[in-house]
Each structure stands twice: as C-alpha cells, then as structure tokens.
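Here is the structure we will look at, set down as structure tokens.
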Amino acid sequence: MHTLALFLALLAQEPRTETIAIPGTDLKFEMVYVPGGKARLGSPAEEPGRKPDERAVHEVDLHPFWMSRTEVTWEAFVKYFENRKAAKVDGVTRPSPPYEPPHGKMGVGAHPAVSMR
C-alpha cells in the first residue's frame, strides 16, 4: 500500500487509543495505535533536489506500534527526568539528560521537548 493511501486509510477510521500513566509521577499520555502495513520510502533518481546519499524508492514493512497523540512537553519531560530514579522503569524507558541547553531557544514549559535521546 502506498504511504499516502495508508495514511488516508488510518485517518478514515476511529483510532484505537489508550491512556497510560508513568509510574511515580502524575504524568499521563494518550497513546494512539498505529497498525502495521507497507510503505514506499526513498526518492526517484530524477527527483529535483535529490541528494547523493538518498536511497532509491523501496518498499518496507512497518510493524504496528503505539505513539503519543501529542509531543512530550518540557514540563512533562522534566517531571519524568527528575523522578527517573524513583520510578521503577527499565534502562530502555529511562530518559537521558539533554546534550545541550535543551530548549534550543524554542522555549520550555508547554513547548515540545527536543535535544535528547
């Protein structure tokens, strides 16, 4: 299925959602289920502005996954980060410290959290 067709099909149906809470915090996230499928990625060789490191068009299989309905805000990330040792989460889900001034002059608080892995 073409990427655009998959996206439009997802928009046409009622999304499956679930709200999760982060242990040890008052944080809750609304998660949306994204079903698997096939997508075509890459760019054709004749595409204007195509860079040498871009791959040719190829089909990939997408596994189903859950994604937050909205970006994580700095306010939520800071609460989670400060509480990371008290919360009983594994090494994969534990946040890492930002590498540089985290907001990158874009703002903190309700702005999306950026610049961490």
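Chain labels follow the order of the structure tokens: the first chain is A, the next B, and so on; residue numbering restarts at 1 in every chain, and ligands are counted from 1 in their shown order.
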Spatial neighbours of Val34 of chain A, 9 Å, only C-alpha atoms, chain gap at least 5 places, as a PDB file with all heavy atoms, in the first residue's frame:
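To be explicit, this is the file written out as around.pdb:
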```pdb
ATOM      1  N   LEU A  10      -5.812   5.344   7.579  1.00  0.00           N
ATOM      2  CA  LEU A  10      -5.757   5.496   9.038  1.00  0.00           C
ATOM      3  C   LEU A  10      -6.632   6.656   9.503  1.00  0.00           C
ATOM      4  O   LEU A  10      -7.283   6.569  10.544  1.00  0.00           O
ATOM      5  CB  LEU A  10      -4.324   5.719   9.503  1.00  0.00           C
ATOM      6  CG  LEU A  10      -3.385   4.531   9.365  1.00  0.00           C
ATOM      7  CD1 LEU A  10      -1.968   4.938   9.712  1.00  0.00           C
ATOM      8  CD2 LEU A  10      -3.839   3.374  10.217  1.00  0.00           C
ATOM      9  N   PRO A  15      -9.355   5.939  15.622  1.00  0.00           N
ATOM     10  CA  PRO A  15      -8.105   5.374  16.135  1.00  0.00           C
ATOM     11  C   PRO A  15      -8.315   4.623  17.451  1.00  0.00           C
ATOM     12  O   PRO A  15      -9.159   4.990  18.257  1.00  0.00           O
ATOM     13  CB  PRO A  15      -7.213   6.599  16.345  1.00  0.00           C
ATOM     14  CG  PRO A  15      -8.158   7.737  16.513  1.00  0.00           C
ATOM     15  CD  PRO A  15      -9.375   7.392  15.710  1.00  0.00           C
ATOM     16  N   ARG A  16      -7.561   3.568  17.616  1.00  0.00           N
ATOM     17  CA  ARG A  16      -7.549   2.817  18.872  1.00  0.00           C
ATOM     18  C   ARG A  16      -6.616   3.577  19.810  1.00  0.00           C
ATOM     19  O   ARG A  16      -5.459   3.827  19.463  1.00  0.00           O
ATOM     20  CB  ARG A  16      -7.027   1.413  18.581  1.00  0.00           C
ATOM     21  CG  ARG A  16      -7.106   0.469  19.732  1.00  0.00           C
ATOM     22  CD  ARG A  16      -6.771  -0.931  19.233  1.00  0.00           C
ATOM     23  NE  ARG A  16      -5.904  -1.563  20.201  1.00  0.00           N
ATOM     24  CZ  ARG A  16      -5.128  -2.587  19.945  1.00  0.00           C
ATOM     25  NH1 ARG A  16      -5.077  -3.088  18.735  1.00  0.00           N
ATOM     26  NH2 ARG A  16      -4.399  -3.122  20.884  1.00  0.00           N
ATOM     27  N   HIS A  63       5.981  -2.495  11.230  1.00  0.00           N
ATOM     28  CA  HIS A  63       5.382  -3.247  12.321  1.00  0.00           C
ATOM     29  C   HIS A  63       4.441  -2.322  13.089  1.00  0.00           C
ATOM     30  O   HIS A  63       4.687  -1.115  13.177  1.00  0.00           O
ATOM     31  CB  HIS A  63       6.462  -3.785  13.262  1.00  0.00           C
ATOM     32  CG  HIS A  63       7.390  -4.738  12.589  1.00  0.00           C
ATOM     33  ND1 HIS A  63       7.061  -6.045  12.326  1.00  0.00           N
ATOM     34  CD2 HIS A  63       8.636  -4.570  12.095  1.00  0.00           C
ATOM     35  CE1 HIS A  63       8.061  -6.636  11.715  1.00  0.00           C
ATOM     36  NE2 HIS A  63       9.034  -5.767  11.557  1.00  0.00           N
ATOM     37  N   PRO A  64       3.380  -2.835  13.670  1.00  0.00           N
ATOM     38  CA  PRO A  64       2.475  -1.998  14.471  1.00  0.00           C
ATOM     39  C   PRO A  64       3.226  -1.394  15.664  1.00  0.00           C
ATOM     40  O   PRO A  64       4.164  -1.996  16.179  1.00  0.00           O
ATOM     41  CB  PRO A  64       1.417  -2.979  14.958  1.00  0.00           C
ATOM     42  CG  PRO A  64       1.549  -4.187  14.112  1.00  0.00           C
ATOM     43  CD  PRO A  64       2.953  -4.224  13.613  1.00  0.00           C
ATOM     44  N   PHE A  65       2.808  -0.197  16.091  1.00  0.00           N
ATOM     45  CA  PHE A  65       3.422   0.438  17.262  1.00  0.00           C
ATOM     46  C   PHE A  65       2.449   1.421  17.874  1.00  0.00           C
ATOM     47  O   PHE A  65       1.430   1.768  17.286  1.00  0.00           O
ATOM     48  CB  PHE A  65       4.743   1.130  16.895  1.00  0.00           C
ATOM     49  CG  PHE A  65       4.608   2.245  15.885  1.00  0.00           C
ATOM     50  CD1 PHE A  65       4.495   3.560  16.295  1.00  0.00           C
ATOM     51  CD2 PHE A  65       4.614   1.972  14.530  1.00  0.00           C
ATOM     52  CE1 PHE A  65       4.384   4.591  15.372  1.00  0.00           C
ATOM     53  CE2 PHE A  65       4.506   2.986  13.591  1.00  0.00           C
ATOM     54  CZ  PHE A  65       4.385   4.301  14.017  1.00  0.00           C
ATOM     55  N   TRP A  66       2.754   1.858  19.079  1.00  0.00           N
ATOM     56  CA  TRP A  66       1.968   2.876  19.787  1.00  0.00           C
ATOM     57  C   TRP A  66       2.757   4.171  19.782  1.00  0.00           C
ATOM     58  O   TRP A  66       3.976   4.166  19.923  1.00  0.00           O
ATOM     59  CB  TRP A  66       1.707   2.442  21.228  1.00  0.00           C
ATOM     60  CG  TRP A  66       0.736   1.323  21.352  1.00  0.00           C
ATOM     61  CD1 TRP A  66       1.016  -0.013  21.307  1.00  0.00           C
ATOM     62  CD2 TRP A  66      -0.676   1.433  21.529  1.00  0.00           C
ATOM     63  NE1 TRP A  66      -0.136  -0.736  21.445  1.00  0.00           N
ATOM     64  CE2 TRP A  66      -1.189   0.128  21.594  1.00  0.00           C
ATOM     65  CE3 TRP A  66      -1.554   2.507  21.645  1.00  0.00           C
ATOM     66  CZ2 TRP A  66      -2.537  -0.143  21.767  1.00  0.00           C
ATOM     67  CZ3 TRP A  66      -2.898   2.239  21.827  1.00  0.00           C
ATOM     68  CH2 TRP A  66      -3.381   0.937  21.882  1.00  0.00           C
ATOM     69  N   MET A  67       2.052   5.301  19.645  1.00  0.00           N
ATOM     70  CA  MET A  67       2.700   6.608  19.594  1.00  0.00           C
ATOM     71  C   MET A  67       1.859   7.595  20.389  1.00  0.00           C
ATOM     72  O   MET A  67       0.629   7.526  20.377  1.00  0.00           O
ATOM     73  CB  MET A  67       2.801   7.069  18.134  1.00  0.00           C
ATOM     74  CG  MET A  67       3.319   8.454  17.933  1.00  0.00           C
ATOM     75  SD  MET A  67       3.138   8.930  16.209  1.00  0.00           S
ATOM     76  CE  MET A  67       4.796   8.752  15.650  1.00  0.00           C
TER      77      MET A  67
END
```
**Report entry** Nearest candidate to Ile20 of chain A (options A:Pro44, A:Arg69, A:Met106, A:Ser115; using only C-alpha atoms)
**Finding:**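 Ranked by minimum distance to Ile20 of chain A, first place goes to A:Arg69.
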Report task. Just give me the gap between atom CA of Gly107 of chain A and atom CA of Met31 of chain A in Å, one decimal is fine. Result ->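 Separation between atom CA of Gly107 of chain A and atom CA of Met31 of chain A: 24.4 Å.
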**Report entry** For atom CA of Leu27 of chain A and atom CA of Lys79 of chain A, the interatomic separation in Å (one decimal)
**Finding:** 8.0 Å
Report summary line: Counting only C-alpha atoms, closest pick from A:Ala39, A:Val32, A:Ile22, A:Ala110 relative to Ser68 of chain A is A:Val32
Report task. Rank nothing, just name the residue among A:Ala56, A:Ala113, A:Leu62, A:Val108 nearest to Lys38 of chain A, using only C-alpha atoms. Result ->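 Checking each of A:Ala56, A:Ala113, A:Leu62, A:Val108 against Lys38 of chain A, counting only C-alpha atoms, the winner is A:Leu62.
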Report task. Go through A:Asp61, A:Val114, A:Val72, A:Glu82 one by one, measure the shortest atom-to-atom distance of each to Gly37 of chain A using only C-alpha atoms, and give the residue with the smallest value. Result -> A:Asp61
Report task. Find, counting only C-alpha atoms, the residue in A:Arg55, A:Arg40, A:Thr25, A:Val60 that gets nearest to Val78 of chain A. Result ->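 Smallest separation from Val78 of chain A among the options: A:Thr25.
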